[in-house]
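Q: Input structure: input_15.txt, which contains compact mmCIF, C-alpha atoms.
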```txt
# COMPACT_ATOMS: atom_id res chain seq x y z
CA MET A 1 59.29 20.88 18.53
CA GLU A 2 58.73 17.16 18.72
CA LYS A 3 58.36 15.46 15.32
CA GLU A 4 54.78 14.25 15.61
CA LYS A 5 53.60 17.54 17.00
CA LEU A 6 55.22 19.42 14.14
CA GLU A 7 53.78 17.11 11.50
CA THR A 8 50.26 17.39 12.83
CA LEU A 9 50.57 21.16 13.01
CA LEU A 10 51.82 21.37 9.45
CA ILE A 11 49.06 19.08 8.18
CA ASP A 12 46.46 21.30 9.80
CA TYR A 13 48.17 24.28 8.26
CA ILE A 14 48.06 22.73 4.81
CA ASP A 15 44.43 21.77 5.32
CA GLY A 16 43.63 25.38 6.22
CA LYS A 17 42.42 24.46 9.67
CA LEU A 18 44.43 26.94 11.71
CA ASN A 19 43.24 30.32 12.93
CA ASN A 20 45.07 33.51 12.10
CA THR A 21 47.37 33.49 15.11
CA GLU A 22 48.29 29.85 14.64
CA ARG A 23 48.93 30.39 10.95
CA HIS A 24 51.20 33.28 11.66
CA ASP A 25 53.19 31.19 14.16
CA VAL A 26 53.66 28.40 11.66
CA GLU A 27 54.82 30.78 8.97
CA GLN A 28 57.37 32.24 11.31
CA LEU A 29 58.61 28.74 12.11
CA LEU A 30 58.90 27.82 8.44
CA VAL A 31 60.99 30.86 7.70
CA ALA A 32 63.29 30.21 10.63
CA ASP A 33 63.72 26.44 10.46
CA THR A 34 64.84 24.82 7.19
CA GLU A 35 64.14 21.29 8.43
CA ALA A 36 60.61 22.28 9.32
CA PHE A 37 60.26 23.85 5.91
CA LYS A 38 61.45 20.67 4.20
CA THR A 39 58.91 18.65 6.17
CA TYR A 40 56.21 21.12 5.15
CA GLU A 41 57.10 20.88 1.47
CA GLN A 42 57.09 17.10 1.53
CA LEU A 43 53.78 16.88 3.36
CA LYS A 44 52.28 19.27 0.86
CA VAL A 45 53.40 17.06 -2.00
CA VAL A 46 51.74 13.92 -0.68
CA ILE A 47 48.60 15.67 0.47
CA HIS A 48 48.08 17.32 -2.89
CA ALA A 49 48.92 14.10 -4.70
CA MET A 50 46.16 12.30 -2.81
CA GLN A 51 43.70 15.08 -3.48
CA ALA A 52 44.48 15.20 -7.18
CA SER A 53 44.60 11.45 -7.68
CA ALA A 54 42.49 10.25 -10.60
CA LYS A 55 39.26 8.38 -10.07
CA MET A 56 39.27 4.93 -11.62
CA GLU A 57 36.47 3.61 -13.80
CA PRO A 58 35.07 0.13 -13.37
CA THR A 59 34.47 -1.82 -16.57
CA ALA A 60 31.05 -2.58 -18.07
CA ARG A 61 31.37 -6.03 -16.57
CA LEU A 62 30.50 -4.64 -13.17
CA LYS A 63 27.14 -3.28 -14.21
CA ARG A 64 26.24 -6.40 -16.18
CA GLY A 65 27.18 -8.56 -13.22
CA PHE A 66 25.05 -6.46 -10.94
CA GLU A 67 22.01 -6.65 -13.19
CA GLN A 68 22.34 -10.38 -13.52
CA MET A 69 22.66 -10.76 -9.79
CA LEU A 70 19.62 -8.55 -9.21
CA LEU A 71 17.56 -10.67 -11.56
CA GLU A 72 18.60 -13.86 -9.79
CA GLU A 73 17.75 -12.40 -6.42
CA GLU A 74 14.34 -11.31 -7.63
CA ILE A 75 13.65 -14.79 -8.95
CA ALA A 76 14.75 -16.28 -5.66
CA LEU A 77 12.51 -13.89 -3.78
CA LYS A 78 9.46 -14.70 -5.88
CA LYS A 79 10.08 -18.38 -5.66
CA GLY A 80 10.39 -18.21 -1.92
CA ARG A 81 7.18 -16.30 -1.52
CA VAL A 82 4.78 -17.92 -3.90
CA VAL A 83 4.54 -21.52 -4.99
CA LEU A 84 2.01 -20.80 -7.70
CA PHE A 85 2.85 -19.71 -11.18
CA GLN A 86 2.59 -15.98 -11.86
CA PRO A 87 2.78 -15.18 -15.54
CA SER A 88 3.23 -11.48 -14.95
CA PHE A 89 6.55 -12.07 -13.29
CA TYR A 90 8.01 -13.54 -16.42
CA ARG A 91 6.94 -10.57 -18.44
CA VAL A 92 8.87 -8.40 -16.03
CA ALA A 93 11.80 -10.79 -16.18
CA ALA A 94 11.65 -10.65 -19.95
CA ALA A 95 11.77 -6.88 -19.81
CA ILE A 96 14.75 -7.04 -17.51
CA ALA A 97 16.25 -9.67 -19.79
CA PHE A 98 16.40 -7.11 -22.56
CA VAL A 99 18.58 -4.95 -20.40
CA VAL A 100 20.69 -7.86 -19.27
CA LEU A 101 21.12 -9.46 -22.66
CA GLY A 102 23.16 -6.57 -23.83
CA GLY A 103 23.61 -4.55 -26.93
CA ALA A 104 24.27 -7.26 -29.48
CA ILE A 105 21.07 -9.14 -28.96
CA ALA A 106 18.96 -6.02 -28.60
CA TYR A 107 20.42 -4.89 -31.89
CA ILE A 108 19.51 -8.14 -33.61
CA ILE A 109 15.98 -8.01 -32.25
CA ALA A 110 15.56 -4.41 -33.27
CA ARG A 111 16.67 -5.12 -36.79
CA GLN A 112 14.60 -8.16 -37.47
CA ASN A 113 11.17 -8.48 -36.15
CA GLN A 114 10.45 -11.88 -37.50
CA GLN A 115 12.19 -15.02 -36.44
CA SER A 116 15.74 -15.21 -37.66
CA LYS A 117 18.53 -17.70 -37.62
CA GLN A 118 20.60 -15.59 -35.27
CA ILE A 119 17.94 -15.32 -32.65
CA LYS A 120 17.35 -19.01 -32.79
CA GLU A 121 21.03 -19.78 -32.45
CA THR A 122 21.34 -17.50 -29.47
CA LEU A 123 18.27 -19.05 -27.95
CA MET A 124 19.54 -22.59 -28.39
CA THR A 125 22.88 -21.70 -26.91
CA MET A 126 21.27 -20.11 -23.89
CA LEU A 127 18.94 -23.03 -23.28
CA ASP A 128 21.91 -25.29 -23.48
CA ASN A 129 23.95 -23.43 -20.91
CA GLN A 130 24.96 -26.01 -18.35
CA ASN A 131 26.26 -23.60 -15.80
CA SER A 132 23.74 -20.88 -15.43
CA ALA A 133 20.08 -21.42 -14.68
CA SER A 134 19.43 -17.75 -15.20
CA GLN A 135 20.87 -18.00 -18.69
CA ARG A 136 18.48 -20.83 -19.41
CA VAL A 137 15.59 -18.79 -18.03
CA LEU A 138 16.61 -15.95 -20.27
CA GLY A 139 16.81 -18.33 -23.20
CA ALA A 140 13.21 -19.31 -22.61
CA THR A 141 12.12 -15.70 -22.31
CA VAL A 142 13.86 -14.85 -25.56
CA ALA A 143 11.76 -17.60 -27.10
CA TYR A 144 8.67 -16.12 -25.59
CA ASN A 145 9.32 -12.61 -26.81
CA ASP A 146 11.06 -12.87 -30.08
CA ILE A 147 10.08 -15.98 -31.87
CA GLU A 148 6.84 -15.95 -33.82
CA ARG A 149 6.75 -19.56 -34.79
CA ALA A 150 8.61 -22.24 -32.98
CA ASP A 151 10.07 -24.80 -35.27
CA ASP A 152 10.56 -28.38 -34.16
CA GLU A 153 14.03 -27.82 -32.89
CA ILE A 154 13.00 -24.98 -30.63
CA VAL A 155 9.94 -26.82 -29.42
CA ASN A 156 12.01 -29.82 -28.56
CA ALA A 157 14.54 -27.73 -26.71
CA LEU A 158 11.79 -26.02 -24.75
CA VAL A 159 9.95 -29.26 -24.00
CA ASN A 160 13.19 -30.76 -22.88
CA ALA A 161 13.83 -27.82 -20.61
CA MET A 162 10.30 -28.06 -19.24
CA ASN A 163 10.61 -31.74 -18.45
CA GLU A 164 14.23 -32.26 -17.63
CA ASP A 165 15.86 -29.08 -16.36
CA PRO A 166 16.85 -29.40 -12.72
CA ASN A 167 15.91 -25.79 -12.05
CA THR A 168 12.23 -25.05 -11.46
CA ASN A 169 12.46 -21.50 -12.75
CA VAL A 170 13.86 -22.72 -16.03
CA ARG A 171 11.04 -25.26 -16.32
CA LEU A 172 8.44 -22.61 -15.67
CA ALA A 173 9.96 -20.18 -18.14
CA ALA A 174 10.04 -22.91 -20.79
CA LEU A 175 6.41 -23.73 -20.10
CA GLU A 176 5.45 -20.10 -20.43
CA ALA A 177 7.26 -19.94 -23.76
CA LEU A 178 5.59 -23.12 -25.01
CA GLY A 179 2.25 -21.68 -23.98
CA LYS A 180 2.78 -18.96 -26.51
CA PHE A 181 2.97 -21.50 -29.31
CA ARG A 182 -0.02 -23.48 -28.10
CA SER A 183 -1.79 -23.15 -31.43
CA GLN A 184 0.83 -25.32 -33.05
CA PRO A 185 -0.34 -28.92 -32.91
CA HIS A 186 2.96 -30.51 -32.01
CA VAL A 187 3.24 -28.11 -29.09
CA ARG A 188 -0.19 -29.10 -27.79
CA LYS A 189 0.79 -32.74 -28.03
CA ALA A 190 3.99 -32.16 -26.15
CA LEU A 191 2.19 -30.27 -23.41
CA VAL A 192 -0.39 -33.01 -22.96
CA ALA A 193 2.34 -35.62 -22.87
CA SER A 194 4.25 -33.66 -20.29
CA LEU A 195 1.31 -33.74 -17.94
CA THR A 196 1.68 -37.48 -17.51
CA THR A 197 5.37 -37.32 -16.73
CA GLN A 198 5.81 -34.03 -14.92
CA LYS A 199 6.57 -34.54 -11.26
CA ASP A 200 7.55 -31.04 -10.19
CA PRO A 201 4.46 -29.70 -8.41
CA VAL A 202 5.06 -26.06 -9.32
CA VAL A 203 5.28 -26.98 -12.98
CA GLN A 204 2.37 -29.41 -12.73
CA ILE A 205 0.10 -26.69 -11.44
CA ALA A 206 1.22 -24.26 -14.13
CA LEU A 207 0.75 -26.90 -16.78
CA ILE A 208 -2.76 -27.80 -15.60
CA ARG A 209 -3.78 -24.16 -15.65
CA LEU A 210 -2.41 -23.68 -19.10
CA MET A 211 -4.23 -26.72 -20.46
CA VAL A 212 -7.47 -25.62 -18.86
CA GLU A 213 -7.00 -22.22 -20.42
CA MET A 214 -6.47 -23.97 -23.74
CA LYS A 215 -9.70 -25.89 -23.13
CA GLU A 216 -7.86 -29.07 -23.75
CA LYS A 217 -10.55 -31.61 -22.94
CA ASP A 218 -8.26 -34.50 -23.78
CA ILE A 219 -6.58 -34.16 -20.46
CA THR A 220 -9.62 -34.84 -18.30
CA ASN A 221 -8.62 -38.45 -17.79
CA GLU A 222 -5.16 -37.49 -16.83
CA LEU A 223 -6.49 -34.92 -14.38
CA GLU A 224 -8.62 -37.60 -12.77
CA LYS A 225 -5.53 -39.69 -12.27
CA ILE A 226 -3.60 -36.82 -10.74
CA SER A 227 -6.39 -35.85 -8.36
CA THR A 228 -6.46 -39.33 -6.91
CA ASP A 229 -2.76 -40.06 -7.08
CA GLU A 230 -1.38 -40.54 -3.58
CA GLU A 231 1.96 -39.16 -4.59
CA SER A 232 0.68 -35.79 -5.73
CA ILE A 233 0.73 -33.03 -3.17
CA GLN A 234 -2.53 -31.48 -2.10
CA ALA A 235 -2.12 -28.24 -4.03
CA VAL A 236 -1.67 -30.17 -7.24
CA LYS A 237 -4.66 -32.39 -6.54
CA ASP A 238 -6.80 -29.34 -5.87
CA GLU A 239 -5.66 -27.76 -9.11
CA ALA A 240 -6.47 -30.95 -10.99
CA GLN A 241 -9.94 -31.05 -9.44
CA ALA A 242 -10.59 -27.44 -10.32
CA GLY A 243 -9.42 -28.19 -13.83
CA ILE A 244 -11.83 -31.05 -14.24
CA LEU A 245 -14.71 -28.87 -13.17
CA ARG A 246 -13.79 -26.09 -15.56
CA LEU A 247 -13.36 -28.39 -18.47
CA SER A 248 -16.63 -30.20 -18.01
CA MET B 1 14.71 10.41 -2.96
CA THR B 2 17.28 9.84 -0.29
CA ASP B 3 19.52 6.80 -0.11
CA GLU B 4 17.81 5.83 3.13
CA TRP B 5 14.36 5.99 1.57
CA ILE B 6 15.48 3.80 -1.33
CA MET B 7 17.09 1.27 0.97
CA GLU B 8 13.93 1.02 3.02
CA ALA B 9 12.04 0.21 -0.17
CA VAL B 10 14.57 -2.49 -0.98
CA LYS B 11 14.12 -3.81 2.53
CA ARG B 12 10.39 -4.10 1.91
CA GLY B 13 11.13 -6.32 -1.06
CA GLU B 14 11.29 -3.83 -3.93
CA LEU B 15 14.63 -5.15 -5.01
CA GLN B 16 14.60 -3.24 -8.29
CA GLN B 17 15.21 -0.04 -6.37
CA ALA B 18 18.67 -1.32 -5.57
CA SER B 19 19.62 -0.30 -9.12
CA LEU B 20 19.41 3.31 -8.01
CA LEU B 21 21.77 2.67 -5.14
CA PHE B 22 24.09 0.90 -7.55
CA GLU B 23 24.10 3.96 -9.83
CA ARG B 24 24.90 6.22 -6.93
CA TYR B 25 27.57 4.17 -5.20
CA ASN B 26 29.24 1.71 -7.53
CA LYS B 27 32.09 3.97 -8.60
CA ARG B 28 32.90 5.07 -5.08
CA ILE B 29 32.87 1.58 -3.66
CA PHE B 30 34.91 0.33 -6.62
CA ASN B 31 37.52 3.04 -6.10
CA PHE B 32 37.69 2.31 -2.40
CA LEU B 33 38.21 -1.40 -2.98
CA ALA B 34 40.62 -0.84 -5.87
CA ARG B 35 42.81 1.35 -3.74
CA MET B 36 42.68 -1.14 -0.90
CA THR B 37 43.41 -4.24 -2.96
CA MET B 38 45.52 -2.63 -5.67
CA ASP B 39 43.81 -5.06 -8.06
CA ARG B 40 41.13 -3.76 -10.38
CA GLU B 41 39.61 -7.04 -11.38
CA LEU B 42 39.42 -8.21 -7.81
CA ALA B 43 37.95 -4.85 -6.83
CA GLU B 44 35.14 -5.35 -9.36
CA ASP B 45 34.36 -8.78 -7.96
CA LEU B 46 34.38 -7.48 -4.41
CA THR B 47 32.19 -4.53 -5.39
CA GLN B 48 29.71 -7.00 -6.80
CA ASN B 49 29.79 -8.79 -3.45
CA VAL B 50 29.03 -5.58 -1.63
CA PHE B 51 25.85 -5.05 -3.59
CA LEU B 52 24.90 -8.68 -3.26
CA ARG B 53 25.18 -8.36 0.51
CA ILE B 54 23.21 -5.13 0.53
CA ILE B 55 20.37 -7.05 -1.07
CA LYS B 56 20.73 -10.34 0.76
CA TYR B 57 21.07 -8.74 4.16
CA ARG B 58 18.61 -5.97 3.50
CA THR B 59 16.62 -6.89 6.61
CA SER B 60 19.59 -6.02 8.76
CA TYR B 61 19.52 -2.42 7.57
CA LYS B 62 18.31 -0.34 10.48
CA GLU B 63 15.58 2.14 9.61
CA GLY B 64 16.89 5.66 9.87
CA ALA B 65 20.55 4.61 9.81
CA ARG B 66 22.84 6.49 7.47
CA PHE B 67 23.04 4.44 4.29
CA GLN B 68 26.47 5.66 3.29
CA SER B 69 27.96 4.49 6.58
CA TRP B 70 26.28 1.13 6.19
CA ILE B 71 27.46 0.45 2.65
CA TYR B 72 31.02 1.37 3.55
CA GLN B 73 30.87 -0.93 6.55
CA VAL B 74 29.75 -3.70 4.24
CA ALA B 75 32.59 -2.85 1.85
CA ARG B 76 35.13 -3.02 4.66
CA ASN B 77 33.76 -6.38 5.73
CA VAL B 78 33.89 -7.72 2.20
CA PHE B 79 37.49 -6.59 1.96
CA SER B 80 38.58 -8.17 5.23
CA ASP B 81 36.56 -11.34 4.60
CA HIS B 82 38.37 -11.77 1.31
CA TYR B 83 41.75 -11.59 2.94
CA GLN B 84 40.67 -13.84 5.79
CA ALA B 85 39.54 -16.43 3.30
CA ASN B 86 42.74 -16.19 1.32
CA LYS B 87 44.91 -16.18 4.39
CA ASN B 88 48.31 -15.33 3.12
CA ARG B 89 50.55 -14.41 5.94
CA PHE B 90 53.07 -12.76 3.69
CA SER B 91 50.69 -10.30 2.19
CA ASP B 92 49.65 -8.12 5.03
CA PHE B 93 51.22 -5.71 2.66
CA VAL B 94 50.43 -5.63 -1.00
CA ASP B 95 53.01 -6.94 -3.43
CA VAL B 96 54.60 -3.66 -4.32
CA GLU B 97 56.11 -4.87 -7.56
CA LYS B 98 52.74 -5.80 -8.96
CA VAL B 99 51.07 -2.56 -8.02
CA SER B 100 51.81 -0.78 -11.28
CA ASP B 101 50.34 -3.64 -13.30
CA TYR B 102 47.23 -3.83 -11.21
CA MET B 103 46.57 -0.19 -11.04
CA ALA B 104 46.99 0.95 -14.61
CA ASP B 105 44.85 -0.35 -17.40
CA ASN B 106 46.00 0.23 -20.94
CA GLN B 107 44.32 3.52 -21.52
CA GLU B 108 45.25 5.07 -18.24
CA SER B 109 48.88 4.05 -17.93
CA GLU B 110 50.02 6.78 -20.28
CA MET B 111 48.14 9.30 -18.20
CA TRP B 112 49.73 8.17 -15.03
CA ASP B 113 52.66 10.34 -14.32
CA GLU B 114 55.54 9.49 -12.08
CA ARG B 115 53.89 11.19 -9.18
CA GLU B 116 50.81 8.97 -9.26
CA LYS B 117 52.92 5.86 -9.58
CA LEU B 118 55.05 6.88 -6.62
CA LEU B 119 51.94 7.67 -4.64
CA HIS B 120 50.46 4.25 -5.23
CA ARG B 121 53.64 2.40 -4.48
CA SER B 122 53.84 4.36 -1.23
CA MET B 123 50.24 3.56 -0.41
CA ALA B 124 50.98 -0.11 -1.03
CA ARG B 125 53.60 0.01 1.69
CA LEU B 126 51.16 1.16 4.35
CA GLY B 127 49.28 -1.28 6.53
CA ASP B 128 45.62 -1.88 5.74
CA GLU B 129 44.36 0.35 8.52
CA GLN B 130 46.43 3.35 7.55
CA ARG B 131 45.76 2.90 3.86
CA GLU B 132 42.06 2.66 4.51
CA LEU B 133 42.03 5.88 6.53
CA LEU B 134 43.78 7.75 3.76
CA VAL B 135 41.58 6.31 1.04
CA LEU B 136 38.45 7.37 2.86
CA THR B 137 39.52 10.80 4.09
CA ARG B 138 41.89 11.91 1.38
CA PHE B 139 40.98 10.07 -1.82
CA GLN B 140 37.27 9.92 -1.23
CA GLN B 141 37.17 13.16 0.74
CA MET B 142 34.97 11.86 3.50
CA LYS B 143 34.65 13.96 6.63
CA TYR B 144 36.19 12.72 9.84
CA GLU B 145 32.69 12.50 11.38
CA GLU B 146 31.53 10.10 8.67
CA VAL B 147 34.63 7.96 8.91
CA ALA B 148 34.31 7.87 12.70
CA GLN B 149 30.77 6.56 12.27
CA ILE B 150 31.83 3.90 9.80
CA MET B 151 34.60 2.71 12.06
CA ASN B 152 32.64 3.12 15.23
CA THR B 153 35.10 5.40 16.96
CA THR B 154 35.64 9.06 17.82
CA VAL B 155 36.54 11.93 15.53
CA ALA B 156 39.59 12.73 17.64
CA ASN B 157 40.82 9.19 17.24
CA ILE B 158 40.38 9.30 13.49
CA LYS B 159 42.20 12.60 13.23
CA VAL B 160 45.24 11.38 15.14
CA LYS B 161 45.41 8.20 13.06
CA VAL B 162 44.99 10.04 9.77
CA HIS B 163 47.79 12.41 10.61
CA ARG B 164 50.06 9.52 11.51
CA ALA B 165 49.17 7.80 8.26
CA ILE B 166 50.01 10.92 6.25
CA ALA B 167 53.33 11.22 8.02
CA LYS B 168 54.08 7.58 7.27
CA LEU B 169 53.08 8.03 3.67
CA ARG B 170 55.44 10.94 3.33
CA GLU B 171 58.30 8.78 4.63
CA HIS B 172 57.63 5.99 2.12
CA TYR B 173 57.09 8.40 -0.74
CA PHE B 174 60.35 10.23 -0.38
CA GLU B 175 62.25 7.03 0.31
CA LEU B 176 60.91 5.58 -2.94
CA GLU B 177 61.59 8.80 -4.79
CA LYS B 178 65.29 8.44 -4.06
CA THR B 179 65.49 5.01 -5.67
```
When written as C-alpha cells, how does the structure in this file appear?
A:
Amino acid sequence: MEKEKLETLLIDYIDGKLNNTERHDVEQLLVADTEAFKTYEQLKVVIHAMQASAKMEPTARLKRGFEQMLLEEEIALKKGRVVLFQPSFYRVAAAIAFVVLGGAIAYIIARQNQQSKQIKETLMTMLDNQNSASQRVLGATVAYNDIERADDEIVNALVNAMNEDPNTNVRLAALEALGKFRSQPHVRKALVASLTTQKDPVVQIALIRLMVEMKEKDITNELEKISTDEESIQAVKDEAQAGILRLS
Amino acid sequence: MTDEWIMEAVKRGELQQASLLFERYNKRIFNFLARMTMDRELAEDLTQNVFLRIIKYRTSYKEGARFQSWIYQVARNVFSDHYQANKNRFSDFVDVEKVSDYMADNQESEMWDEREKLLHRSMARLGDEQRELLVLTRFQQMKYEEVAQIMNTTVANIKVKVHRAIAKLREHYFELEKT
C-alpha cells in the first residue's frame, strides 16, 4: 500500500474511526507486515503524546494585565461618549481599582482603616507615575477611598494633578478626590484658585459644579468672567451661567 | 449564559462582561499561542492582545456567529501579525535549541519527561500551518468541523492536512529520538 494511504488508514484506526470490517483488515495487515506494524507503533506514540501533553498555566500577570486593559477601555469608552463629569463612574472605577491594585494594597487597606503612612506612600508613588495615566487615576481614587484627612502633601499632589496632568481622566479623578476633602480650608482655597487657571473644559465644568455644590459664593465673580470669556466653549459658559443662578 | 450572549452584551458597550469571556478562554488561547510561539512570555503578551482586540473590535462581531470560532480567528491573526511585524526570514521555523528554555518554567521542567521534550522539539520543526492544525485538533481537541470553520475551509481538507501533519511529526520525532 502506498505510504500516505497506509498512514491515514492507521491514524483512523488509532482514532477508532474505522468500522468493524475495516478494523479487521488493518489488524490482519499489522500481523502480516512488520514495516506497517512499525509505522503503527510510531504513529501511536506521537498521537498519544499529543493527547497526554500537559496544559500550561499562564502567570498571574496575564489576568492583571487584562483587568488593567479593561479598565482603560472602559475609561476610554466613557470619555468618548460623555463630555460631562459623572461621579458615579469613578465610584465604579474605584471598585475595580481594588481588584486591580492587587493583594498587597488590599491587605494594607483591610488592616488599617485610618490613614496610614503606607497608603500615603503608595498614593504618592502612583500619582507620580510618569508612564501610566491609569496608574495616576488609580492613585487619585485611592485618595478618594482610603484617606480620611488629606495632609498638605497629598492636597498639593492632587491639586497639581488636577491642574497640570496632561490626561483629562487623571485631572477629573484628582478633582473628585479633592472634592472629598472640601471641608478642609486649604482644599477649598486650592479649588477656587484652580477655577481661574483651569483651561480644560471637562475639568472646568466639573469644578464649577463642585463649587456650586459647596455653595462657594466667592466664585461668583469668577463665574461671571468665564461666562463672558470668548475663549471658553459654550458648554462651559452655560455651566458658569447656571452656577451663578444657583449661587444667587 | 452562552459565550455568544455575553459577547453581544460586550458589543452593546457592557465591557465588564468581557471578564467572563476572559475566565472562559484565557487558558485555551494562552496554550494555543504558547504552542505556536514556543515562548511563554510572548504568548502571554499575545493573549492580552487577543482580548484587547475582542473588546476594541467588538462591533465587528457578527450577531449569531460562533464565538469560539471568532476568538480563535483573532488569535491566529494576532499570531501572524506578530511575525509579520517582526519579519525574520530565518525563523519560519522556531529556534529549536531555545524551545526547551521557552517551554519549561522552573516548576514544570522536572515534570517534563523526555517524551514531552521530544514532542515539543518535533513540533518546533513543523511549519506554522501544520503545527497549528495539530495544536487545535490534537492538543486542544477541537473537532474538524470547528477547525474548518475557523480556517474557512472544508472538513475533508482539514482531515487530509491533519493526517499529513501527524505523519510529518512522526518523522521528526523518531529522527530526533535517534540523536
Q: Could you please determine the separation between atom CA of A:Asp165 and atom CA of B:Ile55 in Å, to one decimal place?
A: 27.2 Å
Q: I need the chain A residues near chain B as a CSV table (one decimal) with C-alpha atoms, in the coordinates of the input; criterion: at most 7 Å, counting all atoms listed in the file.
A:
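Contents of part-v6.csv, freshly written:
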```csv
chain,number,residue,atom,x,y,z
A,7,GLU,CA,53.8,17.1,11.5
A,8,THR,CA,50.3,17.4,12.8
A,42,GLN,CA,57.1,17.1,1.5
A,43,LEU,CA,53.8,16.9,3.4
A,46,VAL,CA,51.7,13.9,-0.7
A,50,MET,CA,46.2,12.3,-2.8
A,51,GLN,CA,43.7,15.1,-3.5
A,53,SER,CA,44.6,11.4,-7.7
A,55,LYS,CA,39.3,8.4,-10.1
A,56,MET,CA,39.3,4.9,-11.6
A,57,GLU,CA,36.5,3.6,-13.8
A,58,PRO,CA,35.1,0.1,-13.4
A,62,LEU,CA,30.5,-4.6,-13.2
A,66,PHE,CA,25.0,-6.5,-10.9
A,74,GLU,CA,14.3,-11.3,-7.6
```
Q: When you look at A:Ser134 with a cut-off of 10 Å (counting all atoms listed in the file), what residues show up, excluding the ones that are within fewer than 4 positions of it in the same chain? I need them as a PyMOL selection string.
A: chain A and resi 68-69+71-72+75+97+126-127+129+138-140+167+169-170
Q: Within 12 Å of B:Glu8, counting all atoms listed in the file, which residues qualify if same-chain residues fewer than 2 places away don't, as a PyMOL selection string?
A: chain B and resi 1-6+10-15+17-18+21+54-55+58-67
Q: Take atom CA of A:Glu230 and atom CA of A:Ile244 and report the distance between them in Å, one decimal.
A: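 So the two atoms, atom CA of A:Glu230 and atom CA of A:Ile244, lie 17.7 Å apart.
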Q: Write out as a VMD selection string each polymer residue whose atoms come within 12 Å of B:Gln73, counting all atoms listed in the file; drop sequence neighbours fewer than 6 positions from it.
A: chain B and resid 29 32 50 53 to 54 61 66 to 67 79 to 80 132 136 146 to 152
Q: Residues around (2.9, -32.2, -30.2), cut-off 12 Å, counting only C-alpha atoms - what are they as an MDAnalysis selection string?
A: chainID A and resid 150:152 155:156 159 178 181:194
Q: Rounded to one decimal place, report the atom CA of A:Lys217-atom CA of A:Asn145 distance in Å.
A: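 Calculated distance between atom CA of A:Lys217 and atom CA of A:Asn145 is 27.8 Å.
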Q: Could you add N, CA and C atoms to stretch 21-38 of chain A and give me the result as a PDB file, keeping the file's coordinate frame?
A:
```pdb
ATOM      1  N   THR A  21      46.192  33.471  14.245  1.00  0.00           N
ATOM      2  CA  THR A  21      47.370  33.490  15.110  1.00  0.00           C
ATOM      3  C   THR A  21      48.236  32.257  14.867  1.00  0.00           C
ATOM      4  N   GLU A  22      47.558  31.102  14.826  1.00  0.00           N
ATOM      5  CA  GLU A  22      48.290  29.850  14.640  1.00  0.00           C
ATOM      6  C   GLU A  22      49.009  29.838  13.298  1.00  0.00           C
ATOM      7  N   ARG A  23      48.333  30.347  12.291  1.00  0.00           N
ATOM      8  CA  ARG A  23      48.930  30.390  10.950  1.00  0.00           C
ATOM      9  C   ARG A  23      50.194  31.227  10.965  1.00  0.00           C
ATOM     10  N   HIS A  24      50.069  32.357  11.580  1.00  0.00           N
ATOM     11  CA  HIS A  24      51.200  33.280  11.660  1.00  0.00           C
ATOM     12  C   HIS A  24      52.393  32.607  12.331  1.00  0.00           C
ATOM     13  N   ASP A  25      52.119  31.888  13.428  1.00  0.00           N
ATOM     14  CA  ASP A  25      53.190  31.190  14.160  1.00  0.00           C
ATOM     15  C   ASP A  25      53.867  30.169  13.274  1.00  0.00           C
ATOM     16  N   VAL A  26      53.089  29.435  12.533  1.00  0.00           N
ATOM     17  CA  VAL A  26      53.660  28.400  11.660  1.00  0.00           C
ATOM     18  C   VAL A  26      54.548  29.054  10.597  1.00  0.00           C
ATOM     19  N   GLU A  27      54.041  30.136  10.039  1.00  0.00           N
ATOM     20  CA  GLU A  27      54.820  30.780   8.970  1.00  0.00           C
ATOM     21  C   GLU A  27      56.149  31.287   9.486  1.00  0.00           C
ATOM     22  N   GLN A  28      56.127  31.792  10.701  1.00  0.00           N
ATOM     23  CA  GLN A  28      57.370  32.240  11.310  1.00  0.00           C
ATOM     24  C   GLN A  28      58.340  31.062  11.440  1.00  0.00           C
ATOM     25  N   LEU A  29      57.803  29.948  11.913  1.00  0.00           N
ATOM     26  CA  LEU A  29      58.610  28.740  12.110  1.00  0.00           C
ATOM     27  C   LEU A  29      59.216  28.279  10.776  1.00  0.00           C
ATOM     28  N   LEU A  30      58.430  28.317   9.745  1.00  0.00           N
ATOM     29  CA  LEU A  30      58.900  27.820   8.440  1.00  0.00           C
ATOM     30  C   LEU A  30      60.029  28.684   7.899  1.00  0.00           C
ATOM     31  N   VAL A  31      59.924  29.947   8.158  1.00  0.00           N
ATOM     32  CA  VAL A  31      60.990  30.860   7.700  1.00  0.00           C
ATOM     33  C   VAL A  31      62.266  30.580   8.473  1.00  0.00           C
ATOM     34  N   ALA A  32      62.117  30.337   9.771  1.00  0.00           N
ATOM     35  CA  ALA A  32      63.290  30.210  10.630  1.00  0.00           C
ATOM     36  C   ALA A  32      63.980  28.847  10.547  1.00  0.00           C
ATOM     37  N   ASP A  33      63.190  27.804  10.298  1.00  0.00           N
ATOM     38  CA  ASP A  33      63.720  26.440  10.460  1.00  0.00           C
ATOM     39  C   ASP A  33      63.672  25.694   9.120  1.00  0.00           C
ATOM     40  N   THR A  34      64.836  25.452   8.522  1.00  0.00           N
ATOM     41  CA  THR A  34      64.840  24.820   7.190  1.00  0.00           C
ATOM     42  C   THR A  34      64.354  23.366   7.231  1.00  0.00           C
ATOM     43  N   GLU A  35      64.627  22.674   8.321  1.00  0.00           N
ATOM     44  CA  GLU A  35      64.140  21.290   8.430  1.00  0.00           C
ATOM     45  C   GLU A  35      62.617  21.271   8.437  1.00  0.00           C
ATOM     46  N   ALA A  36      62.076  22.180   9.226  1.00  0.00           N
ATOM     47  CA  ALA A  36      60.610  22.280   9.320  1.00  0.00           C
ATOM     48  C   ALA A  36      60.031  22.603   7.941  1.00  0.00           C
ATOM     49  N   PHE A  37      60.734  23.459   7.234  1.00  0.00           N
ATOM     50  CA  PHE A  37      60.260  23.850   5.910  1.00  0.00           C
ATOM     51  C   PHE A  37      60.267  22.662   4.956  1.00  0.00           C
ATOM     52  N   LYS A  38      61.343  21.866   5.056  1.00  0.00           N
ATOM     53  CA  LYS A  38      61.450  20.670   4.200  1.00  0.00           C
ATOM     54  C   LYS A  38      60.289  19.721   4.488  1.00  0.00           C
TER      55      LYS A  38
END
```
